[in-house]
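Participant: Please find target.cif (mmCIF, C-alpha atoms and all ligand atoms) on the next line:
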data_my_file
loop_
_atom_site.label_atom_id
_atom_site.label_comp_id
_atom_site.auth_asym_id
_atom_site.auth_seq_id
_atom_site.Cartn_x
_atom_site.Cartn_y
_atom_site.Cartn_z
CA MET A 1 59.05 40.12 -18.70
CA LYS A 2 62.54 40.66 -17.28
CA VAL A 3 63.76 37.97 -14.92
CA LEU A 4 66.79 38.00 -12.62
CA LEU A 5 67.83 34.52 -11.48
CA VAL A 6 70.28 34.49 -8.58
CA PHE A 7 71.95 31.09 -8.57
CA ALA A 8 73.75 29.74 -5.50
CA HIS A 9 75.39 26.39 -6.18
CA PRO A 10 79.15 25.80 -6.50
CA GLU A 11 78.88 23.17 -9.28
CA PRO A 12 77.35 23.97 -12.67
CA ARG A 13 77.02 20.21 -13.41
CA SER A 14 74.85 19.73 -10.31
CA LEU A 15 71.16 18.99 -10.27
CA ASN A 16 70.66 22.66 -9.43
CA GLY A 17 72.78 23.61 -12.42
CA ALA A 18 70.63 21.43 -14.68
CA LEU A 19 67.39 22.87 -13.28
CA CYS A 20 68.74 26.40 -13.65
CA ASN A 21 69.36 25.72 -17.35
CA VAL A 22 65.83 24.32 -17.71
CA ALA A 23 64.36 27.48 -16.16
CA ILE A 24 66.45 29.82 -18.31
CA ARG A 25 65.66 27.96 -21.54
CA GLU A 26 61.94 27.95 -20.81
CA LEU A 27 61.85 31.64 -19.88
CA GLU A 28 63.76 32.57 -23.03
CA ALA A 29 61.48 30.35 -25.12
CA GLN A 30 58.56 32.37 -23.75
CA GLY A 31 60.25 35.56 -24.97
CA HIS A 32 61.39 36.80 -21.56
CA GLU A 33 64.73 38.46 -20.95
CA VAL A 34 66.85 36.67 -18.36
CA ARG A 35 69.87 37.81 -16.38
CA VAL A 36 71.70 35.34 -14.14
CA SER A 37 73.82 36.23 -11.13
CA ASP A 38 75.87 33.06 -10.62
CA LEU A 39 77.27 33.78 -7.18
CA TYR A 40 79.99 31.10 -6.94
CA ALA A 41 81.10 31.55 -10.55
CA ASP A 42 81.29 35.30 -10.00
CA GLY A 43 83.28 34.87 -6.78
CA TRP A 44 80.66 36.82 -4.83
CA LYS A 45 82.00 38.25 -1.57
CA SER A 46 79.52 37.12 1.05
CA GLU A 47 80.54 38.84 4.27
CA VAL A 48 79.69 42.40 5.18
CA ASP A 49 82.80 44.21 6.39
CA ARG A 50 84.64 47.53 6.21
CA ALA A 51 85.76 46.86 2.65
CA ASP A 52 82.14 47.40 1.58
CA PHE A 53 82.37 51.03 2.62
CA PRO A 54 85.56 52.57 1.23
CA SER A 55 84.51 56.05 2.34
CA LEU A 56 84.46 54.99 6.01
CA ALA A 57 87.30 56.66 7.96
CA PRO A 58 90.01 54.04 8.71
CA ASP A 59 89.77 54.69 12.45
CA GLY A 60 85.99 55.23 12.49
CA ARG A 61 83.78 52.76 14.34
CA PHE A 62 82.09 50.51 11.81
CA ILE A 63 78.30 50.52 12.32
CA PRO A 64 76.92 48.40 9.45
CA VAL A 65 73.42 49.96 9.38
CA ALA A 66 74.72 53.54 9.42
CA ALA A 67 77.47 52.78 6.89
CA SER A 68 74.95 51.15 4.56
CA LYS A 69 72.61 54.15 4.72
CA LYS A 70 75.39 56.66 4.14
CA ALA A 71 76.90 54.73 1.24
CA PHE A 72 73.53 54.15 -0.45
CA ASP A 73 72.58 57.84 -0.11
CA ALA A 74 75.94 58.92 -1.52
CA ASN A 75 75.90 56.31 -4.32
CA ALA A 76 79.12 55.03 -2.75
CA LEU A 77 78.35 51.32 -2.47
CA THR A 78 80.89 48.99 -4.07
CA GLU A 79 80.51 48.29 -7.80
CA ASP A 80 79.43 44.64 -7.33
CA VAL A 81 76.60 45.70 -5.01
CA LYS A 82 75.56 48.56 -7.30
CA ALA A 83 75.38 46.15 -10.25
CA GLU A 84 73.07 43.81 -8.31
CA ILE A 85 70.84 46.69 -7.24
CA GLU A 86 70.61 47.69 -10.89
CA ASN A 87 69.66 44.10 -11.75
CA LEU A 88 66.92 44.12 -9.12
CA LEU A 89 65.50 47.42 -10.38
CA TRP A 90 65.65 46.11 -13.97
CA ALA A 91 63.85 42.82 -13.27
CA ASP A 92 60.07 42.41 -12.98
CA THR A 93 60.65 39.03 -11.36
CA LEU A 94 63.38 37.76 -9.08
CA ILE A 95 64.17 34.06 -8.66
CA LEU A 96 66.50 32.83 -5.93
CA GLN A 97 67.70 29.26 -6.58
CA PHE A 98 69.61 27.21 -4.03
CA PRO A 99 69.99 23.80 -2.34
CA LEU A 100 68.60 23.72 1.19
CA TRP A 101 71.62 23.62 3.48
CA TRP A 102 70.94 23.29 7.19
CA PHE A 103 67.33 24.34 6.65
CA ALA A 104 68.41 27.64 5.13
CA MET A 105 70.04 29.20 2.08
CA PRO A 106 73.78 28.71 1.48
CA ALA A 107 75.91 31.38 3.18
CA ILE A 108 76.94 32.93 -0.13
CA LEU A 109 73.31 33.76 -0.94
CA LYS A 110 72.62 35.12 2.54
CA GLY A 111 75.70 37.29 2.00
CA TRP A 112 74.26 38.51 -1.29
CA VAL A 113 71.14 39.63 0.58
CA ASP A 114 73.15 41.16 3.43
CA ARG A 115 75.21 43.27 1.05
CA VAL A 116 72.74 44.10 -1.73
CA PHE A 117 69.62 44.85 0.33
CA ALA A 118 71.05 48.17 1.51
CA TYR A 119 69.55 50.68 3.93
CA GLY A 120 67.46 53.13 1.90
CA PHE A 121 67.03 50.56 -0.85
CA ALA A 122 65.47 47.48 0.77
CA TYR A 123 64.94 48.71 4.32
CA GLY A 124 64.68 52.07 6.05
CA VAL A 125 62.32 53.17 3.25
CA GLY A 126 59.37 55.54 3.73
CA GLU A 127 57.89 57.47 6.61
CA HIS A 128 58.60 56.11 10.08
CA SER A 129 56.23 57.63 12.62
CA ASP A 130 53.47 56.70 15.07
CA ARG A 131 51.16 56.46 12.06
CA ARG A 132 53.38 54.55 9.72
CA TRP A 133 56.22 52.12 10.16
CA GLY A 134 57.91 52.61 6.85
CA ASP A 135 57.19 51.18 3.41
CA ARG A 136 57.70 47.47 3.96
CA TYR A 137 55.88 44.11 3.87
CA GLY A 138 54.25 44.55 0.49
CA GLU A 139 55.37 48.13 0.00
CA GLY A 140 58.81 49.57 -0.63
CA THR A 141 61.31 49.92 -3.43
CA LEU A 142 60.50 46.55 -5.01
CA ALA A 143 56.69 46.72 -4.73
CA GLY A 144 54.82 45.59 -7.83
CA LYS A 145 57.47 43.01 -8.69
CA ARG A 146 57.27 39.25 -8.19
CA ALA A 147 59.74 36.90 -6.54
CA MET A 148 60.01 33.17 -5.94
CA LEU A 149 62.36 30.47 -4.71
CA ILE A 150 63.60 27.35 -6.46
CA VAL A 151 64.85 25.01 -3.72
CA THR A 152 66.15 21.45 -3.70
CA ALA A 153 66.10 19.40 -0.49
CA GLY A 154 67.54 16.05 0.49
CA GLY A 155 64.65 15.35 2.85
CA TRP A 156 61.33 13.74 1.96
CA GLU A 157 58.27 15.84 1.25
CA GLU A 158 56.50 14.16 4.20
CA HIS A 159 59.29 15.27 6.52
CA TYR A 160 58.44 18.87 5.57
CA ALA A 161 54.65 18.40 5.84
CA PRO A 162 52.66 20.24 8.55
CA ARG A 163 53.33 17.44 11.07
CA GLY A 164 56.72 16.40 9.68
CA VAL A 165 59.76 16.27 11.93
CA ASN A 166 61.68 18.94 9.97
CA GLY A 167 58.91 21.47 10.38
CA PRO A 168 56.60 22.65 7.59
CA ILE A 169 58.48 23.89 4.52
CA ASP A 170 56.36 27.08 4.49
CA ASP A 171 57.58 27.85 8.01
CA LEU A 172 61.21 27.11 7.17
CA LEU A 173 61.07 29.37 4.13
CA PHE A 174 59.05 32.09 5.87
CA PRO A 175 62.11 34.13 6.93
CA ILE A 176 63.16 34.26 3.27
CA ASN A 177 59.76 34.65 1.63
CA HIS A 178 58.32 37.08 4.14
CA GLY A 179 61.38 38.56 5.88
CA ILE A 180 63.63 39.02 2.83
CA LEU A 181 61.33 39.16 -0.21
CA HIS A 182 57.98 40.54 0.99
CA TYR A 183 59.74 43.05 3.26
CA PRO A 184 61.11 45.27 0.46
CA GLY A 185 57.84 44.94 -1.45
CA TYR A 186 57.80 41.80 -3.57
CA ASP A 187 54.66 39.78 -4.20
CA VAL A 188 56.01 36.35 -3.31
CA LEU A 189 54.98 33.34 -5.35
CA PRO A 190 54.72 29.85 -3.83
CA PRO A 191 58.17 28.23 -3.84
CA PHE A 192 59.17 25.51 -6.28
CA VAL A 193 60.58 22.80 -4.02
CA VAL A 194 62.08 19.49 -5.13
CA TYR A 195 62.42 16.89 -2.37
CA ARG A 196 64.54 13.80 -1.84
CA VAL A 197 66.95 14.87 -4.52
CA ASP A 198 70.08 13.11 -3.32
CA ARG A 199 68.65 9.81 -4.55
CA PHE A 200 67.67 11.30 -7.90
CA GLY A 201 68.29 9.24 -11.00
CA GLU A 202 67.87 9.85 -14.71
CA ALA A 203 64.18 8.86 -14.64
CA ASP A 204 63.40 11.36 -11.87
CA PHE A 205 64.76 14.38 -13.68
CA GLU A 206 62.38 14.87 -16.60
CA PRO A 207 59.10 15.04 -14.58
CA VAL A 208 60.67 17.65 -12.30
CA ALA A 209 62.05 19.57 -15.27
CA GLU A 210 58.59 19.61 -16.83
CA ARG A 211 57.02 20.81 -13.58
CA LEU A 212 59.62 23.60 -13.50
CA ARG A 213 58.93 24.56 -17.12
CA GLU A 214 55.26 24.83 -16.25
CA ARG A 215 56.07 27.12 -13.29
CA MET A 216 58.16 29.30 -15.56
CA ARG A 217 55.24 29.53 -17.99
CA THR A 218 52.90 30.71 -15.22
CA LEU A 219 55.23 33.16 -13.49
CA GLU A 220 53.13 36.13 -14.52
CA THR A 221 49.76 34.66 -13.58
CA ILE A 222 50.20 32.43 -10.54
CA ARG A 223 48.62 33.82 -7.36
CA PRO A 224 51.13 35.11 -4.81
CA ILE A 225 51.18 33.89 -1.21
CA PRO A 226 48.51 36.11 0.43
CA TYR A 227 50.81 37.81 2.93
CA ARG A 228 49.10 40.64 4.74
CA ARG A 229 50.27 44.15 3.97
CA GLN A 230 51.72 45.99 6.91
CA ASN A 231 49.95 49.23 6.07
CA GLY A 232 46.71 47.69 4.86
CA GLY A 233 44.91 47.99 8.19
CA ASP A 234 45.50 44.47 9.54
CA TYR A 235 48.12 45.59 12.06
CA HIS A 236 47.94 48.05 14.89
CA ILE A 237 50.51 50.80 14.41
CA PRO A 238 52.97 51.34 16.05
CA SER A 239 52.86 48.04 18.00
CA MET A 240 52.66 46.16 14.66
CA GLN A 241 50.45 43.50 16.28
CA LEU A 242 47.93 41.73 14.11
CA ARG A 243 44.49 42.95 15.13
CA PRO A 244 42.87 40.47 17.55
CA GLU A 245 39.83 39.90 15.35
CA LEU A 246 42.03 38.59 12.51
CA GLY A 247 43.43 35.08 12.20
CA ASP A 248 42.08 32.00 13.96
CA PRO A 249 41.39 32.60 17.66
CA GLY A 250 44.35 31.50 19.75
CA ALA A 251 46.51 30.93 16.68
CA THR A 252 50.14 31.98 16.73
CA GLY A 253 53.05 31.69 14.39
CA PHE A 254 53.91 32.51 10.81
CA ALA A 255 50.62 31.50 9.22
CA LEU A 256 48.89 34.41 10.96
CA HIS A 257 50.56 36.74 8.50
CA GLU A 258 48.82 35.16 5.54
CA ASP A 259 45.31 36.34 4.78
CA ARG A 260 44.17 32.86 3.81
CA ALA A 261 40.50 33.52 4.57
CA GLY A 262 40.41 36.94 2.92
CA THR A 263 39.66 38.73 6.21
CA THR A 264 41.79 41.82 5.63
CA VAL A 265 39.89 44.70 7.23
CA LYS A 266 40.39 47.15 4.40
CA PRO A 267 42.44 47.36 1.23
CA ALA A 268 45.96 48.76 1.39
CA THR A 269 46.06 52.54 1.23
CA PRO A 270 47.79 53.66 -1.96
CA ARG A 271 51.27 54.96 -1.21
CA SER A 272 50.63 58.18 -3.11
CA THR A 273 47.69 58.98 -0.81
CA LEU A 274 49.84 58.43 2.25
CA ARG A 275 52.52 60.68 0.86
CA ASP A 276 49.90 63.37 0.30
CA VAL A 277 48.77 63.34 3.91
CA ALA A 278 52.23 62.89 5.45
P1 LIG A 301 73.44 16.94 -6.89
O1 LIG A 301 74.25 16.44 -5.77
O2 LIG A 301 74.15 17.66 -8.00
O3 LIG A 301 72.51 15.89 -7.48
C1 LIG A 301 71.62 15.14 -6.68
C2 LIG A 301 71.24 13.86 -7.42
O4 LIG A 301 70.62 14.20 -8.63
C3 LIG A 301 72.44 12.99 -7.75
O5 LIG A 301 72.06 11.64 -7.54
C4 LIG A 301 72.68 13.24 -9.21
O6 LIG A 301 73.21 12.12 -9.87
C5 LIG A 301 71.28 13.56 -9.70
N1 LIG A 301 71.36 14.48 -10.83
C6 LIG A 301 72.07 15.59 -10.91
N2 LIG A 301 71.89 16.20 -12.11
C7 LIG A 301 71.03 15.41 -12.78
C8 LIG A 301 70.45 15.49 -14.07
N3 LIG A 301 70.72 16.49 -14.91
N4 LIG A 301 69.63 14.50 -14.44
C9 LIG A 301 69.35 13.48 -13.62
N5 LIG A 301 69.87 13.39 -12.35
C10 LIG A 301 70.70 14.33 -11.96
N6 LIG A 301 68.76 18.58 2.88
C11 LIG A 301 67.65 18.87 3.59
O7 LIG A 301 66.55 18.40 3.25
N7 LIG A 301 67.71 19.69 4.68
C12 LIG A 301 68.87 20.24 5.10
O8 LIG A 301 68.87 20.99 6.05
C13 LIG A 301 70.05 19.94 4.38
N8 LIG A 301 71.23 20.45 4.76
C14 LIG A 301 72.34 20.22 4.01
C15 LIG A 301 73.55 20.83 4.38
C16 LIG A 301 74.66 20.65 3.59
C17 LIG A 301 75.93 21.36 3.97
C18 LIG A 301 74.62 19.82 2.45
C19 LIG A 301 75.85 19.61 1.61
C20 LIG A 301 73.44 19.20 2.10
C21 LIG A 301 72.28 19.41 2.86
N9 LIG A 301 71.06 18.85 2.51
C22 LIG A 301 69.95 19.09 3.25
C23 LIG A 301 70.93 18.11 1.25
C24 LIG A 301 70.87 19.10 0.09
O9 LIG A 301 69.70 19.85 0.15
C25 LIG A 301 70.97 18.37 -1.24
O10 LIG A 301 72.23 17.69 -1.26
C26 LIG A 301 70.88 19.30 -2.42
O11 LIG A 301 69.62 19.90 -2.47
C27 LIG A 301 71.14 18.55 -3.71
O12 LIG A 301 71.17 19.46 -4.77
P2 LIG A 301 72.42 19.46 -5.76
O13 LIG A 301 72.14 20.40 -6.87
O14 LIG A 301 73.67 19.67 -4.97
O15 LIG A 301 72.32 17.98 -6.25
#
With the file now loaded, output its structure as structure tokens.

Facilitator:
Amino acid sequence: MKVLLVFAHPEPRSLNGALCNVAIRELEAQGHEVRVSDLYADGWKSEVDRADFPSLAPDGRFIPVAASKKAFDANALTEDVKAEIENLLWADTLILQFPLWWFAMPAILKGWVDRVFAYGFAYGVGEHSDRRWGDRYGEGTLAGKRAMLIVTAGGWEEHYAPRGVNGPIDDLLFPINHGILHYPGYDVLPPFVVYRVDRFGEADFEPVAERLRERMRTLETIRPIPYRRQNGGDYHIPSMQLRPELGDPGATGFALHEDRAGTTVKPATPRSTLRDVA
């Protein structure tokens, strides 16, 4: 297996740095190939701006979506972005590792997504019509690959439980797991979350490291989060509303988009078939 680990912590001697090393060592011990994109160490540029699109006319209005599409189509993205796209295409599995900062990923990692997930690569893929709203949410360029998060949090696990004051961790991570990873096609594995880390001592580290090693050993076999596929029949197209007979009656919110009870109305139509009829 080929694994890309995107690491977003400014200090290699941090807890995150130590856990990153544990993950890499275990993956390599299992015979997997690992590439690491160490965003702070690499000086990753996190903001999208005109410098990302050198072919844009100096006096032209900068429209990020249009510029991204044009540059991707013309193979004119900047070299750092092209290298990360190549890494993503190379890897069977993507791991994003970060400390939870303000209930989200650090800005440098969000900037990696903003710049690397280009139009035509991660979004704007496939047929957009009244019958089909593109290849996304389980389909798309990165379909067939796996992805997961490694996250450390200062807060207690209970605070992130379904009735915890911070909100459920699955809800907080939904925009990343579903909106960023499932969107361009990934099968998303349950996140590896470590709680209450700011009080960590020597004795706390080894059990967590062992739990992480175990997750790395099961990367290929663990069951993904059962997100519904956009084009699998669960959603009305083009309104993209979940069909009323699916999900618990009266239920709202992120959990609706997981097929926890296995109620999907029909299996996803193979992309090749859709292409044939398009
Ligand atoms: P470190 O600070 O490097 O280490 C944490 C502890 O682990 C330390 O006690 C250290 O001694 C110990 N340790 C480190 N390495 C080892 C090792 N190899 N062996 C044994 N012990 C070790 N938390 C939330 O829950 N929700 C939030 O929204 C949130 N927002 C934040 C926003 C900001 C801007 C910041 C700075 C923090 C926030 N936090 C939040 C807390 C944050 O999630 C934690 O500080 C972070 O996850 C800790 O990870 P680290 O790698 O930086 O740990």

Participant: Got a sec to check which residues lie within 10 Å of ligand LIG 301 (chain A), using all atoms listed in the file, and send them as a PyMOL selection string?

Facilitator: chain A and resi 8-22+97-106+151-157+159-160+166+169+172+193-206+208-209

Participant: May I have the residues at most 12 Å from (76.6, 54.5, -3.2) in the file's coordinates, counting all atoms listed in the file, as a list in words?

Facilitator: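 Nearby residues: Asp52, Phe53, Pro54, Ser55, Ala67, Ser68, Lys69, Lys70, Ala71, Phe72, Asp73, Ala74, Asn75, Ala76, Leu77, Thr78, Glu79, Asp80, Val81, Lys82, Ala83, Ile85, Glu86, Val116, Ala118, Tyr119, Gly120 and Phe121 of chain A.
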
Participant: For a quick check of understanding, using all atoms listed in the file, which of A:Gly124, A:Tyr227, A:Arg50, A:Val3 has the smallest distance to Leu27 (chain A)?

Facilitator: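 Nearest to Leu27 (chain A): A:Val3.
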
Participant: Which one is closest to Val48 (chain A): A:Asp114, A:Asp171, A:Asp135, A:Glu28? Count only C-alpha atoms.

Facilitator: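 For Val48 (chain A), the nearest of the given residues is A:Asp114.
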
Participant: Would you mind telling me which residue in A:Arg223, A:Gly164, A:Arg35, A:Phe174 lies nearest to Leu189 (chain A) when using all atoms listed in the file?

Facilitator: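 Looking at the shortest contact to Leu189 (chain A), the residue is A:Arg223.
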
Participant: For region 248-257 of chain A, find every residue with an atom within 10 Å (counting only C-alpha atoms), except residues of its own chain fewer than 5 positions away, and show them as a PyMOL selection string.

Facilitator: chain A and resi 170-172+174-175+178+226-230+234-235+242

Participant: Using CA of Gln241 (chain A) and CA of His182 (chain A) as the two end points, give the distance in Å to one decimal.

Facilitator: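 Here the two named atoms are 17.3 Å from each other.
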
Participant: Excluding same-chain residues fewer than 2 positions from region 41-45 of chain A, what lies within 8 Å of it counting only C-alpha atoms, as a PyMOL selection string?

Facilitator: chain A and resi 10+37-39+47+108+111-112

Participant: Go ahead and write the residues just picked, C-alpha atoms, as a PDB file, in the frame of the given file.

Facilitator:
ATOM      1  CA  PRO A  10      79.150  25.800  -6.500  1.00  0.00           C
ATOM      2  CA  SER A  37      73.820  36.230 -11.130  1.00  0.00           C
ATOM      3  CA  ASP A  38      75.870  33.060 -10.620  1.00  0.00           C
ATOM      4  CA  LEU A  39      77.270  33.780  -7.180  1.00  0.00           C
ATOM      5  CA  GLU A  47      80.540  38.840   4.270  1.00  0.00           C
ATOM      6  CA  ILE A 108      76.940  32.930  -0.130  1.00  0.00           C
ATOM      7  CA  GLY A 111      75.700  37.290   2.000  1.00  0.00           C
ATOM      8  CA  TRP A 112      74.260  38.510  -1.290  1.00  0.00           C
TER       9      TRP A 112
END

Participant: Could you work out how far CA of Leu149 (chain A) lies from CA of Ile176 (chain A), giving the answer in Å with one decimal?

Facilitator: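 Interatomic distance here is 8.9 Å.
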
Participant: Mind giving me the straight-line distance from CA of Pro207 (chain A) to CA of Ile150 (chain A) in Å, one decimal?

Facilitator: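 Interatomic distance here is 15.4 Å.
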
Participant: Measuring between only C-alpha atoms, which one of A:Ala51, A:Ala122, A:Val6, A:Ala23 shows the shortest distance to Leu181 (chain A)?

Facilitator: A:Ala122

Participant: Have a look at A:Gly138, A:Pro224, A:Gly167, A:Gly31 and name the one nearest to Pro190 (chain A); count only C-alpha atoms.

Facilitator: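 Between A:Gly138, A:Pro224, A:Gly167, A:Gly31, the residue approaching Pro190 (chain A) most closely is A:Pro224.
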
Participant: Which residue gives the smallest distance to Asn231 (chain A) among A:Asp187, A:Glu127, A:Glu245, A:Glu210, with all atoms listed in the file counted?

Facilitator: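 The answer is A:Glu127, which sits nearest to Asn231 (chain A).
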
Participant: Extract region 12-21 of chain A from the preceding block and save all heavy atoms as a PDB file, in the first residue's frame.

Facilitator:
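decode.pdb was written with the following content:
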ATOM      1  N   PRO A  12       8.292  19.447  15.509  1.00  0.00           N
ATOM      2  CA  PRO A  12       8.509  18.001  15.352  1.00  0.00           C
ATOM      3  C   PRO A  12       8.627  17.263  16.679  1.00  0.00           C
ATOM      4  O   PRO A  12       8.368  16.065  16.754  1.00  0.00           O
ATOM      5  CB  PRO A  12       9.821  17.901  14.549  1.00  0.00           C
ATOM      6  CG  PRO A  12      10.413  19.260  14.554  1.00  0.00           C
ATOM      7  CD  PRO A  12       9.334  20.248  14.867  1.00  0.00           C
ATOM      8  N   ARG A  13       9.032  17.980  17.774  1.00  0.00           N
ATOM      9  CA  ARG A  13       9.164  17.308  19.080  1.00  0.00           C
ATOM     10  C   ARG A  13       7.855  17.309  19.861  1.00  0.00           C
ATOM     11  O   ARG A  13       7.827  17.027  21.056  1.00  0.00           O
ATOM     12  CB  ARG A  13      10.263  17.994  19.898  1.00  0.00           C
ATOM     13  CG  ARG A  13      11.650  17.773  19.328  1.00  0.00           C
ATOM     14  CD  ARG A  13      12.622  18.777  19.890  1.00  0.00           C
ATOM     15  NE  ARG A  13      12.224  20.141  19.541  1.00  0.00           N
ATOM     16  CZ  ARG A  13      12.867  21.250  19.928  1.00  0.00           C
ATOM     17  NH1 ARG A  13      13.926  21.156  20.680  1.00  0.00           N
ATOM     18  NH2 ARG A  13      12.418  22.449  19.560  1.00  0.00           N
ATOM     19  N   SER A  14       6.764  17.652  19.206  1.00  0.00           N
ATOM     20  CA  SER A  14       5.444  17.660  19.860  1.00  0.00           C
ATOM     21  C   SER A  14       4.909  16.245  20.011  1.00  0.00           C
ATOM     22  O   SER A  14       5.453  15.282  19.450  1.00  0.00           O
ATOM     23  CB  SER A  14       4.466  18.474  19.017  1.00  0.00           C
ATOM     24  OG  SER A  14       4.343  17.862  17.736  1.00  0.00           O
ATOM     25  N   LEU A  15       3.807  16.145  20.740  1.00  0.00           N
ATOM     26  CA  LEU A  15       3.094  14.875  20.812  1.00  0.00           C
ATOM     27  C   LEU A  15       2.692  14.430  19.403  1.00  0.00           C
ATOM     28  O   LEU A  15       2.836  13.255  19.044  1.00  0.00           O
ATOM     29  CB  LEU A  15       1.857  15.039  21.697  1.00  0.00           C
ATOM     30  CG  LEU A  15       0.965  13.820  21.817  1.00  0.00           C
ATOM     31  CD1 LEU A  15       1.687  12.655  22.490  1.00  0.00           C
ATOM     32  CD2 LEU A  15      -0.320  14.169  22.574  1.00  0.00           C
ATOM     33  N   ASN A  16       2.201  15.367  18.608  1.00  0.00           N
ATOM     34  CA  ASN A  16       1.838  15.009  17.230  1.00  0.00           C
ATOM     35  C   ASN A  16       3.041  14.496  16.453  1.00  0.00           C
ATOM     36  O   ASN A  16       2.928  13.539  15.690  1.00  0.00           O
ATOM     37  CB  ASN A  16       1.210  16.211  16.503  1.00  0.00           C
ATOM     38  CG  ASN A  16      -0.295  16.222  16.637  1.00  0.00           C
ATOM     39  OD1 ASN A  16      -1.006  15.576  15.876  1.00  0.00           O
ATOM     40  ND2 ASN A  16      -0.788  16.925  17.647  1.00  0.00           N
ATOM     41  N   GLY A  17       4.194  15.140  16.679  1.00  0.00           N
ATOM     42  CA  GLY A  17       5.399  14.679  15.993  1.00  0.00           C
ATOM     43  C   GLY A  17       5.736  13.249  16.389  1.00  0.00           C
ATOM     44  O   GLY A  17       6.080  12.414  15.539  1.00  0.00           O
ATOM     45  N   ALA A  18       5.608  12.964  17.686  1.00  0.00           N
ATOM     46  CA  ALA A  18       5.916  11.600  18.170  1.00  0.00           C
ATOM     47  C   ALA A  18       4.927  10.594  17.589  1.00  0.00           C
ATOM     48  O   ALA A  18       5.319   9.494  17.165  1.00  0.00           O
ATOM     49  CB  ALA A  18       5.877  11.573  19.696  1.00  0.00           C
ATOM     50  N   LEU A  19       3.645  10.955  17.541  1.00  0.00           N
ATOM     51  CA  LEU A  19       2.641  10.024  16.998  1.00  0.00           C
ATOM     52  C   LEU A  19       2.823   9.835  15.486  1.00  0.00           C
ATOM     53  O   LEU A  19       2.615   8.738  14.956  1.00  0.00           O
ATOM     54  CB  LEU A  19       1.225  10.532  17.302  1.00  0.00           C
ATOM     55  CG  LEU A  19       0.838  10.520  18.790  1.00  0.00           C
ATOM     56  CD1 LEU A  19      -0.523  11.176  18.995  1.00  0.00           C
ATOM     57  CD2 LEU A  19       0.836   9.087  19.344  1.00  0.00           C
ATOM     58  N   CYS A  20       3.244  10.884  14.821  1.00  0.00           N
ATOM     59  CA  CYS A  20       3.515  10.781  13.381  1.00  0.00           C
ATOM     60  C   CYS A  20       4.628   9.753  13.142  1.00  0.00           C
ATOM     61  O   CYS A  20       4.519   8.893  12.258  1.00  0.00           O
ATOM     62  CB  CYS A  20       3.921  12.155  12.854  1.00  0.00           C
ATOM     63  SG  CYS A  20       4.257  12.197  11.089  1.00  0.00           S
ATOM     64  N   ASN A  21       5.675   9.828  13.963  1.00  0.00           N
ATOM     65  CA  ASN A  21       6.774   8.862  13.821  1.00  0.00           C
ATOM     66  C   ASN A  21       6.304   7.434  14.100  1.00  0.00           C
ATOM     67  O   ASN A  21       6.726   6.486  13.426  1.00  0.00           O
ATOM     68  CB  ASN A  21       7.927   9.225  14.764  1.00  0.00           C
ATOM     69  CG  ASN A  21       8.625  10.491  14.300  1.00  0.00           C
ATOM     70  OD1 ASN A  21       8.575  10.842  13.114  1.00  0.00           O
ATOM     71  ND2 ASN A  21       9.256  11.200  15.229  1.00  0.00           N
TER      72      ASN A  21
END
